[in-house]
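Next up, input_20.cif (mmCIF, C-alpha atoms):
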data_run
loop_
_atom_site.group_PDB
_atom_site.id
_atom_site.type_symbol
_atom_site.label_atom_id
_atom_site.label_comp_id
_atom_site.auth_asym_id
_atom_site.auth_seq_id
_atom_site.Cartn_x
_atom_site.Cartn_y
_atom_site.Cartn_z
ATOM 1 C CA MET A 1 151.642 -66.746 121.386
ATOM 2 C CA VAL A 2 148.740 -66.762 118.900
ATOM 3 C CA ARG A 3 149.354 -63.082 118.100
ATOM 4 C CA GLU A 4 153.042 -63.758 117.436
ATOM 5 C CA VAL A 5 152.146 -66.553 115.018
ATOM 6 C CA VAL A 6 149.636 -64.313 113.219
ATOM 7 C CA ASN A 7 152.260 -61.554 112.917
ATOM 8 C CA LYS A 8 154.776 -63.958 111.402
ATOM 9 C CA VAL A 9 152.202 -65.168 108.859
ATOM 10 C CA MET A 10 151.297 -61.577 107.958
ATOM 11 C CA GLU A 11 154.966 -60.646 107.556
ATOM 12 C CA GLY A 12 155.409 -63.532 105.164
ATOM 13 C CA PHE A 13 152.654 -62.562 102.748
ATOM 14 C CA TYR A 14 151.563 -58.955 103.250
ATOM 15 C CA PHE A 15 152.903 -55.409 103.464
ATOM 16 C CA GLU A 16 151.405 -52.058 104.395
ATOM 17 C CA VAL A 17 149.915 -49.804 101.745
ATOM 18 C CA GLU A 18 150.393 -46.050 102.152
ATOM 19 C CA ALA A 19 148.319 -43.345 100.458
ATOM 20 C CA SER A 20 150.526 -40.578 99.105
ATOM 21 C CA GLY A 21 148.898 -37.161 98.732
ATOM 22 C CA ARG A 22 150.033 -34.423 96.365
ATOM 23 C CA HIS A 23 153.561 -33.285 97.151
ATOM 24 C CA ILE A 24 156.679 -31.653 95.761
ATOM 25 C CA HIS A 25 160.383 -32.511 95.610
ATOM 26 C CA LEU A 26 162.637 -29.483 95.119
ATOM 27 C CA ASP A 27 166.146 -29.003 93.780
ATOM 28 C CA ARG A 28 168.563 -26.408 95.161
ATOM 29 C CA PRO A 29 167.927 -23.671 92.532
ATOM 30 C CA THR A 30 164.164 -23.891 93.122
ATOM 31 C CA ILE A 31 164.543 -23.773 96.918
ATOM 32 C CA ASP A 32 166.757 -20.694 96.568
ATOM 33 C CA ALA A 33 164.248 -19.004 94.254
ATOM 34 C CA LEU A 34 161.241 -19.708 96.481
ATOM 35 C CA PHE A 35 162.713 -19.189 99.950
ATOM 36 C CA GLY A 36 166.042 -17.374 99.564
ATOM 37 C CA LYS A 37 169.647 -18.204 98.773
ATOM 38 C CA GLY A 38 170.967 -21.074 100.914
ATOM 39 C CA TYR A 39 167.626 -21.707 102.627
ATOM 40 C CA GLN A 40 167.402 -25.086 104.404
ATOM 41 C CA LEU A 41 164.113 -26.973 104.445
ATOM 42 C CA THR A 42 162.710 -27.632 107.925
ATOM 43 C CA LYS A 43 161.906 -31.230 108.832
ATOM 44 C CA ALA A 44 158.407 -31.698 110.259
ATOM 45 C CA LYS A 45 158.242 -35.493 110.446
ATOM 46 C CA ASP A 46 160.019 -38.571 109.146
ATOM 47 C CA LEU A 47 158.390 -40.713 106.474
ATOM 48 C CA SER A 48 158.388 -44.500 106.146
ATOM 49 C CA GLN A 49 161.370 -44.525 103.773
ATOM 50 C CA PRO A 50 164.657 -43.920 105.650
ATOM 51 C CA GLY A 51 166.062 -40.417 105.218
ATOM 52 C CA GLN A 52 162.877 -38.976 103.690
ATOM 53 C CA PHE A 53 160.761 -36.444 105.530
ATOM 54 C CA ALA A 54 157.866 -34.022 105.245
ATOM 55 C CA CYS A 55 158.810 -30.359 105.595
ATOM 56 C CA LYS A 56 157.090 -27.522 107.444
ATOM 57 C CA GLU A 57 157.260 -25.361 104.319
ATOM 58 C CA ARG A 58 154.271 -25.321 101.972
ATOM 59 C CA VAL A 59 153.772 -23.932 98.476
ATOM 60 C CA THR A 60 150.941 -23.313 96.031
ATOM 61 C CA ILE A 61 150.827 -25.147 92.699
ATOM 62 C CA VAL A 62 149.361 -22.996 89.917
ATOM 63 C CA GLY A 63 148.130 -24.356 86.583
ATOM 64 C CA PRO A 64 146.274 -22.875 83.604
ATOM 65 C CA LYS A 65 142.824 -23.482 85.134
ATOM 66 C CA GLY A 66 143.330 -23.576 88.897
ATOM 67 C CA GLU A 67 145.613 -23.858 91.871
ATOM 68 C CA LEU A 68 146.306 -26.170 94.800
ATOM 69 C CA LYS A 69 147.299 -24.458 98.024
ATOM 70 C CA ASN A 70 149.265 -25.645 101.053
ATOM 71 C CA VAL A 71 151.084 -28.441 99.197
ATOM 72 C CA VAL A 72 153.713 -30.232 101.256
ATOM 73 C CA ILE A 73 157.381 -30.366 100.279
ATOM 74 C CA LEU A 74 159.245 -33.614 100.858
ATOM 75 C CA GLY A 75 162.931 -33.663 101.700
ATOM 76 C CA PRO A 76 165.768 -33.996 101.260
ATOM 77 C CA GLU A 77 166.380 -31.792 98.227
ATOM 78 C CA ARG A 78 166.763 -33.543 94.884
ATOM 79 C CA LYS A 79 168.772 -33.087 91.716
ATOM 80 C CA LYS A 80 165.597 -32.108 89.822
ATOM 81 C CA SER A 81 162.335 -30.607 91.045
ATOM 82 C CA GLN A 82 159.280 -32.842 90.681
ATOM 83 C CA VAL A 83 155.588 -32.234 91.375
ATOM 84 C CA GLU A 84 153.417 -35.290 92.059
ATOM 85 C CA VAL A 85 149.641 -34.940 91.783
ATOM 86 C CA SER A 86 146.692 -37.251 91.238
ATOM 87 C CA LEU A 87 144.869 -37.276 87.913
ATOM 88 C CA THR A 88 141.960 -35.514 89.650
ATOM 89 C CA ASP A 89 144.368 -32.794 90.828
ATOM 90 C CA ALA A 90 145.733 -32.480 87.293
ATOM 91 C CA ARG A 91 142.262 -31.838 85.883
ATOM 92 C CA ALA A 92 141.682 -29.150 88.509
ATOM 93 C CA LEU A 93 144.979 -27.515 87.539
ATOM 94 C CA GLY A 94 144.264 -27.796 83.825
ATOM 95 C CA VAL A 95 147.301 -29.880 82.916
ATOM 96 C CA GLN A 96 147.586 -33.302 81.285
ATOM 97 C CA VAL A 97 150.128 -35.272 83.253
ATOM 98 C CA PRO A 98 151.609 -38.661 82.363
ATOM 99 C CA VAL A 99 151.810 -41.572 84.766
ATOM 100 C CA ARG A 100 155.532 -41.963 85.424
ATOM 101 C CA GLU A 101 157.959 -43.454 87.900
ATOM 102 C CA SER A 102 159.521 -40.916 90.231
ATOM 103 C CA GLY A 103 162.521 -39.266 88.579
ATOM 104 C CA ASP A 104 161.326 -39.964 85.022
ATOM 105 C CA ILE A 105 160.340 -36.403 84.151
ATOM 106 C CA LYS A 106 161.762 -35.850 80.658
ATOM 107 C CA GLY A 107 159.083 -34.386 78.399
ATOM 108 C CA THR A 108 156.548 -33.904 81.216
ATOM 109 C CA PRO A 109 154.492 -30.705 81.627
ATOM 110 C CA GLY A 110 155.784 -27.699 83.518
ATOM 111 C CA ILE A 111 153.939 -26.006 86.369
ATOM 112 C CA THR A 112 154.178 -22.858 88.493
ATOM 113 C CA LEU A 113 155.163 -22.898 92.178
ATOM 114 C CA VAL A 114 154.360 -19.980 94.465
ATOM 115 C CA SER A 115 155.642 -19.148 97.955
ATOM 116 C CA GLY A 116 154.575 -15.731 99.204
ATOM 117 C CA ASP A 117 155.670 -13.198 96.578
ATOM 118 C CA GLN A 118 158.044 -15.626 94.893
ATOM 119 C CA ARG A 119 157.115 -17.605 91.773
ATOM 120 C CA VAL A 120 159.052 -20.284 89.927
ATOM 121 C CA GLU A 121 158.074 -21.590 86.500
ATOM 122 C CA LEU A 122 159.139 -25.222 86.179
ATOM 123 C CA THR A 123 159.617 -26.207 82.530
ATOM 124 C CA GLU A 124 158.958 -29.892 83.314
ATOM 125 C CA GLY A 125 158.420 -32.234 86.236
ATOM 126 C CA CYS A 126 154.670 -32.566 86.829
ATOM 127 C CA ILE A 127 153.584 -36.230 86.976
ATOM 128 C CA ALA A 128 151.094 -38.674 88.413
ATOM 129 C CA ALA A 129 153.239 -41.240 90.195
ATOM 130 C CA LYS A 130 153.099 -44.816 88.946
ATOM 131 C CA ARG A 131 151.923 -47.071 91.749
ATOM 132 C CA HIS A 132 154.840 -48.949 93.202
ATOM 133 C CA VAL A 133 156.215 -51.045 96.043
ATOM 134 C CA HIS A 134 159.413 -49.973 97.779
ATOM 135 C CA MET A 135 161.221 -53.120 98.852
ATOM 136 C CA SER A 136 164.444 -54.073 100.591
ATOM 137 C CA PRO A 137 166.632 -56.706 98.880
ATOM 138 C CA SER A 138 165.881 -59.251 101.617
ATOM 139 C CA ASP A 139 162.142 -58.737 101.229
ATOM 140 C CA ALA A 140 162.439 -58.903 97.437
ATOM 141 C CA LYS A 141 164.001 -62.335 97.862
ATOM 142 C CA ARG A 142 161.264 -63.360 100.287
ATOM 143 C CA PHE A 143 158.489 -62.163 97.974
ATOM 144 C CA GLN A 144 160.349 -63.630 94.952
ATOM 145 C CA VAL A 145 160.359 -60.413 92.909
ATOM 146 C CA GLU A 146 163.039 -58.316 91.217
ATOM 147 C CA ASP A 147 163.735 -54.621 90.765
ATOM 148 C CA LYS A 148 161.558 -53.105 87.997
ATOM 149 C CA GLU A 149 159.344 -56.195 87.855
ATOM 150 C CA ILE A 150 155.678 -55.445 87.124
ATOM 151 C CA VAL A 151 153.155 -57.252 89.320
ATOM 152 C CA GLN A 152 149.563 -57.110 90.468
ATOM 153 C CA VAL A 153 148.772 -56.271 94.087
ATOM 154 C CA LYS A 154 145.571 -57.122 95.899
ATOM 155 C CA VAL A 155 144.813 -54.311 98.341
ATOM 156 C CA MET A 156 142.570 -55.275 101.255
ATOM 157 C CA GLY A 157 140.852 -51.945 101.883
ATOM 158 C CA ASP A 158 137.175 -51.428 102.658
ATOM 159 C CA ARG A 159 136.589 -51.859 98.903
ATOM 160 C CA PRO A 160 139.222 -54.475 98.010
ATOM 161 C CA LEU A 161 140.832 -54.084 94.603
ATOM 162 C CA ILE A 162 143.514 -55.766 92.538
ATOM 163 C CA PHE A 163 145.837 -53.096 91.114
ATOM 164 C CA ASP A 164 147.631 -54.004 87.903
ATOM 165 C CA ASP A 165 150.843 -52.482 86.511
ATOM 166 C CA VAL A 166 152.562 -52.083 89.894
ATOM 167 C CA VAL A 167 156.324 -51.620 89.675
ATOM 168 C CA ILE A 168 158.672 -53.184 92.226
ATOM 169 C CA ARG A 169 161.503 -50.872 93.303
ATOM 170 C CA VAL A 170 164.317 -52.600 95.196
ATOM 171 C CA HIS A 171 167.085 -50.767 97.049
ATOM 172 C CA PRO A 172 169.131 -51.428 100.218
ATOM 173 C CA ASN A 173 167.804 -48.190 101.749
ATOM 174 C CA TYR A 174 164.134 -49.029 101.197
ATOM 175 C CA ARG A 175 161.621 -50.322 103.688
ATOM 176 C CA THR A 176 158.800 -52.409 102.243
ATOM 177 C CA TYR A 177 155.683 -50.316 101.628
ATOM 178 C CA MET A 178 153.343 -49.905 98.666
ATOM 179 C CA HIS A 179 152.544 -46.348 97.598
ATOM 180 C CA ILE A 180 149.319 -45.356 95.859
ATOM 181 C CA ASP A 181 147.919 -41.883 95.238
ATOM 182 C CA ILE A 182 144.723 -40.418 96.670
ATOM 183 C CA ASP A 183 142.540 -41.361 93.693
ATOM 184 C CA GLU A 184 143.653 -44.972 94.053
ATOM 185 C CA ALA A 185 143.279 -44.850 97.833
ATOM 186 C CA ASN A 186 139.688 -43.633 97.550
ATOM 187 C CA ALA A 187 138.919 -46.357 95.005
ATOM 188 C CA CYS A 188 139.946 -49.157 97.386
ATOM 189 C CA GLY A 189 138.643 -47.600 100.607
ATOM 190 C CA HIS A 190 142.142 -47.180 102.026
ATOM 191 C CA LYS A 191 142.730 -46.381 105.671
ATOM 192 C CA LYS A 192 145.835 -46.512 107.857
ATOM 193 C CA GLY A 193 147.066 -50.070 108.223
ATOM 194 C CA THR A 194 145.592 -51.326 104.946
ATOM 195 C CA LEU A 195 147.534 -54.345 103.671
ATOM 196 C CA GLY A 196 148.527 -55.512 100.199
ATOM 197 C CA GLN A 197 149.523 -58.872 98.732
ATOM 198 C CA ILE A 198 151.530 -59.454 95.551
ATOM 199 C CA ILE A 199 149.896 -61.491 92.816
ATOM 200 C CA LYS A 200 152.242 -62.634 90.079
ATOM 201 C CA ARG A 201 151.085 -61.719 86.615
ATOM 202 C CA SER A 202 150.045 -64.701 84.486
ATOM 203 C CA ILE A 203 150.502 -62.848 81.153
#
Can you give me the file's structure in the form of structure tokens?
Amino acid sequence: MVREVVNKVMEGFYFEVEASGRHIHLDRPTIDALFGKGYQLTKAKDLSQPGQFACKERVTIVGPKGELKNVVILGPERKKSQVEVSLTDARALGVQVPVRESGDIKGTPGITLVSGDQRVELTEGCIAAKRHVHMSPSDAKRFQVEDKEIVQVKVMGDRPLIFDDVVIRVHPNYRTYMHIDIDEANACGHKKGTLGQIIKRSI
């Protein structure tokens, strides 16, 4: 009984925070170029957001100064290819990437993707993902936030931090999770099961 009460309290105020490592979203032309015409990505495991999954296929990201090997591809395929790295990754690659919401890739740097003997030069699409909270409409109502609203989130990791400039993303297909990258995860001492709490901005 006590555990059930605690769970209900936690559900009312907190949500899980997930650390998102470097990864790639691919469009159909890029999949064809890297793996062959009509190739279908192979699901390895489902992710927290419905319909999204990690693939068995891996690629190498190559920049002017370095490369990152064995980078996971996330499915399903998208309309535009997008490479998401941390700012630390970007320095290792030798590229200056902007912090952007997923899908906002206009004017972003290009990067090279390699799979075996195949290489694809992306003309744009390399970003550091803006920290965000995926949220269902019902949870958005419960947390009293709106789509695209900017909030602060207190993350209760081993080194608790309050993250500013967190965007709320509301959609009927979303499940409520916060996503931060590896740099941010290391900063707050993230581990599986870490919880976050929204703090409304005062200014």
As an exercise, work out the distance from atom CA of Ala54 of chain A to atom CA of Lys69 of chain A in Å and give it to one decimal place.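 Rounded to one decimal, the two atoms are 16.0 Å apart.
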Using all atoms listed in the file, collect all residues at a distance of at most 8 Å from (145.4, -56.5, 97.9) as written in the file, then present them as a PDB file with C-alpha atoms, in the coordinates of the input.
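Everything below was put into part.pdb:
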ATOM      1  CA  VAL A 153     148.772 -56.271  94.087  1.00  0.00           C
ATOM      2  CA  LYS A 154     145.571 -57.122  95.899  1.00  0.00           C
ATOM      3  CA  VAL A 155     144.813 -54.311  98.341  1.00  0.00           C
ATOM      4  CA  MET A 156     142.570 -55.275 101.255  1.00  0.00           C
ATOM      5  CA  GLY A 157     140.852 -51.945 101.883  1.00  0.00           C
ATOM      6  CA  PRO A 160     139.222 -54.475  98.010  1.00  0.00           C
ATOM      7  CA  LEU A 161     140.832 -54.084  94.603  1.00  0.00           C
ATOM      8  CA  ILE A 162     143.514 -55.766  92.538  1.00  0.00           C
ATOM      9  CA  PHE A 163     145.837 -53.096  91.114  1.00  0.00           C
ATOM     10  CA  LEU A 195     147.534 -54.345 103.671  1.00  0.00           C
ATOM     11  CA  GLY A 196     148.527 -55.512 100.199  1.00  0.00           C
ATOM     12  CA  GLN A 197     149.523 -58.872  98.732  1.00  0.00           C
ATOM     13  CA  ILE A 198     151.530 -59.454  95.551  1.00  0.00           C
TER      14      ILE A 198
END
Which residues, written as an MDAnalysis selection string, have at least one atom at most 10 Å from Ala90 of chain A, with all atoms listed in the file counted and residues fewer than 5 positions away on the same chain left out? chainID A and resid 63 65:68 84:85 95:98 126:128
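Between atom CA of Asp32 of chain A and atom CA of Gly125 of chain A there is a distance of 17.6 Å.
Nearest-residue note for Lys80 of chain A: choosing from A:Val120, A:Leu113, A:Ile105, A:Leu34, the minimum distance belongs to A:Ile105, counting all atoms listed in the file.
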Select, from A:His25, A:Arg58, A:Arg78, A:Lys148, the residue with the minimum atom-to-atom distance to Gly116 of chain A, counting only C-alpha atoms. A:Arg58
Tell me which of A:Pro64, A:Gly189, A:Pro109, A:Gly36 sits closest to Leu93 of chain A, counting all atoms listed in the file.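 Among the listed residues, the smallest separation from Leu93 of chain A belongs to A:Pro64.
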Nearest to His134 of chain A: which of A:Asn186, A:Ser48, A:Ser81, A:Thr30 is it, counting only C-alpha atoms? A:Ser48
Near Arg142 of chain A, counting all atoms listed in the file, which residues have an atom at most 12 Å away, once you skip same-chain residues fewer than 2 positions from it, shown as JSON, numbers by chain? {"A": [11, 12, 13, 14, 15, 135, 136, 137, 138, 139, 140, 144, 145, 146, 176, 198]}
Box time for segment 188-200 of chain A: axis-aligned, enclosing all its listed atoms, 4 Å extra on each side; report centre and edge lengths in Å to one decimal, as lines of an AutoDock Vina configuration file.
center_x = 145.4
center_y = -54.5
center_z = 99.2
size_x = 21.6
size_y = 24.3
size_z = 26.1
Dump as a PyMOL selection string all residues having an atom at most 12 Å from (166.4, -31.2, 95.3), computed in the file's coordinates with only C-alpha atoms. chain A and resi 24-32+40-41+52+73-83+103
Polymer residues at most 6 Å from Leu122 of chain A, all atoms listed in the file, same-chain spacing of 3 or more positions, as a PyMOL selection string: chain A and resi 110-112
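For the choices A:Arg91, A:Ile199, A:Glu124, A:Ile168, the atom-to-atom distance to Lys106 of chain A is smallest for A:Glu124 when using only C-alpha atoms.
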Residue IDs satisfying the PyMOL selection byres ((chain A and resi 44) around 9), as a PyMOL selection string: chain A and resi 42-43+45-46+53-57
Compile the contact shell of Val133 of chain A as a PyMOL selection string: residues with an atom at most 6 Å away, counting only C-alpha atoms, same-chain residues fewer than 5 positions apart removed. chain A and resi 168-169+177-178
Taking the partial coordinates given, rebuild segment 116-127 of chain A to contain all heavy atoms; return it as an mmCIF file, in the frame of the given file.
data_model
loop_
_atom_site.group_PDB
_atom_site.id
_atom_site.type_symbol
_atom_site.label_atom_id
_atom_site.label_comp_id
_atom_site.auth_asym_id
_atom_site.auth_seq_id
_atom_site.Cartn_x
_atom_site.Cartn_y
_atom_site.Cartn_z
ATOM 1 N N GLY A 116 154.635 -17.169 98.926
ATOM 2 C CA GLY A 116 154.575 -15.731 99.204
ATOM 3 C C GLY A 116 154.586 -14.930 97.920
ATOM 4 O O GLY A 116 153.746 -15.141 97.030
ATOM 5 N N ASP A 117 155.550 -14.020 97.785
ATOM 6 C CA ASP A 117 155.670 -13.198 96.578
ATOM 7 C C ASP A 117 156.559 -13.843 95.516
ATOM 8 O O ASP A 117 156.742 -13.269 94.432
ATOM 9 C CB ASP A 117 156.246 -11.815 96.934
ATOM 10 C CG ASP A 117 155.322 -11.022 97.843
ATOM 11 O OD1 ASP A 117 154.097 -11.224 97.762
ATOM 12 O OD2 ASP A 117 155.828 -10.208 98.645
ATOM 13 N N GLN A 118 157.105 -14.992 95.823
ATOM 14 C CA GLN A 118 158.044 -15.626 94.893
ATOM 15 C C GLN A 118 157.338 -16.665 94.017
ATOM 16 O O GLN A 118 156.516 -17.452 94.506
ATOM 17 C CB GLN A 118 159.181 -16.291 95.668
ATOM 18 C CG GLN A 118 159.928 -15.363 96.609
ATOM 19 C CD GLN A 118 160.492 -14.162 95.881
ATOM 20 O OE1 GLN A 118 161.133 -14.292 94.829
ATOM 21 N NE2 GLN A 118 160.259 -12.977 96.433
ATOM 22 N N ARG A 119 157.673 -16.658 92.732
ATOM 23 C CA ARG A 119 157.115 -17.605 91.773
ATOM 24 C C ARG A 119 158.248 -18.262 90.980
ATOM 25 O O ARG A 119 159.204 -17.596 90.596
ATOM 26 C CB ARG A 119 156.167 -16.904 90.780
ATOM 27 C CG ARG A 119 154.957 -16.269 91.410
ATOM 28 C CD ARG A 119 154.183 -15.448 90.383
ATOM 29 N NE ARG A 119 153.590 -16.278 89.349
ATOM 30 C CZ ARG A 119 152.357 -16.766 89.399
ATOM 31 N NH1 ARG A 119 151.591 -16.517 90.455
ATOM 32 N NH2 ARG A 119 151.878 -17.499 88.407
ATOM 33 N N VAL A 120 158.101 -19.555 90.759
ATOM 34 C CA VAL A 120 159.052 -20.284 89.927
ATOM 35 C C VAL A 120 158.279 -21.039 88.855
ATOM 36 O O VAL A 120 157.317 -21.754 89.163
ATOM 37 C CB VAL A 120 159.889 -21.279 90.754
ATOM 38 C CG1 VAL A 120 160.747 -22.143 89.847
ATOM 39 C CG2 VAL A 120 160.758 -20.540 91.762
ATOM 40 N N GLU A 121 158.692 -20.880 87.618
ATOM 41 C CA GLU A 121 158.074 -21.590 86.500
ATOM 42 C C GLU A 121 158.927 -22.825 86.177
ATOM 43 O O GLU A 121 160.027 -22.689 85.642
ATOM 44 C CB GLU A 121 157.997 -20.684 85.266
ATOM 45 C CG GLU A 121 157.298 -19.344 85.505
ATOM 46 C CD GLU A 121 155.787 -19.465 85.587
ATOM 47 O OE1 GLU A 121 155.260 -20.526 85.163
ATOM 48 O OE2 GLU A 121 155.143 -18.526 86.064
ATOM 49 N N LEU A 122 158.437 -23.994 86.542
ATOM 50 C CA LEU A 122 159.139 -25.222 86.179
ATOM 51 C C LEU A 122 158.824 -25.558 84.724
ATOM 52 O O LEU A 122 157.660 -25.533 84.321
ATOM 53 C CB LEU A 122 158.708 -26.378 87.082
ATOM 54 C CG LEU A 122 158.993 -26.251 88.582
ATOM 55 C CD1 LEU A 122 158.516 -27.507 89.312
ATOM 56 C CD2 LEU A 122 160.472 -26.021 88.845
ATOM 57 N N THR A 123 159.834 -25.886 83.941
ATOM 58 C CA THR A 123 159.617 -26.207 82.530
ATOM 59 C C THR A 123 159.187 -27.651 82.332
ATOM 60 O O THR A 123 158.654 -28.009 81.278
ATOM 61 C CB THR A 123 160.899 -25.944 81.713
ATOM 62 O OG1 THR A 123 161.972 -26.723 82.260
ATOM 63 C CG2 THR A 123 161.274 -24.467 81.773
ATOM 64 N N GLU A 124 159.403 -28.499 83.342
ATOM 65 C CA GLU A 124 158.958 -29.892 83.314
ATOM 66 C C GLU A 124 158.931 -30.414 84.739
ATOM 67 O O GLU A 124 159.382 -29.753 85.668
ATOM 68 C CB GLU A 124 159.890 -30.763 82.457
ATOM 69 C CG GLU A 124 161.312 -30.846 82.970
ATOM 70 C CD GLU A 124 162.206 -31.716 82.089
ATOM 71 O OE1 GLU A 124 161.759 -32.132 81.000
ATOM 72 O OE2 GLU A 124 163.346 -31.973 82.503
ATOM 73 N N GLY A 125 158.355 -31.620 84.911
ATOM 74 C CA GLY A 125 158.420 -32.234 86.236
ATOM 75 C C GLY A 125 157.101 -32.560 86.895
ATOM 76 O O GLY A 125 157.081 -33.082 88.005
ATOM 77 N N CYS A 126 155.971 -32.282 86.217
ATOM 78 C CA CYS A 126 154.670 -32.566 86.829
ATOM 79 C C CYS A 126 154.180 -33.939 86.364
ATOM 80 O O CYS A 126 153.989 -34.169 85.162
ATOM 81 C CB CYS A 126 153.665 -31.478 86.465
ATOM 82 S SG CYS A 126 152.165 -31.516 87.468
ATOM 83 N N ILE A 127 153.979 -34.860 87.307
ATOM 84 C CA ILE A 127 153.584 -36.230 86.976
ATOM 85 C C ILE A 127 152.511 -36.745 87.935
ATOM 86 O O ILE A 127 152.286 -36.187 89.007
ATOM 87 C CB ILE A 127 154.778 -37.202 87.034
ATOM 88 C CG1 ILE A 127 155.299 -37.324 88.480
ATOM 89 C CG2 ILE A 127 155.893 -36.765 86.084
ATOM 90 C CD1 ILE A 127 156.316 -38.454 88.681
#
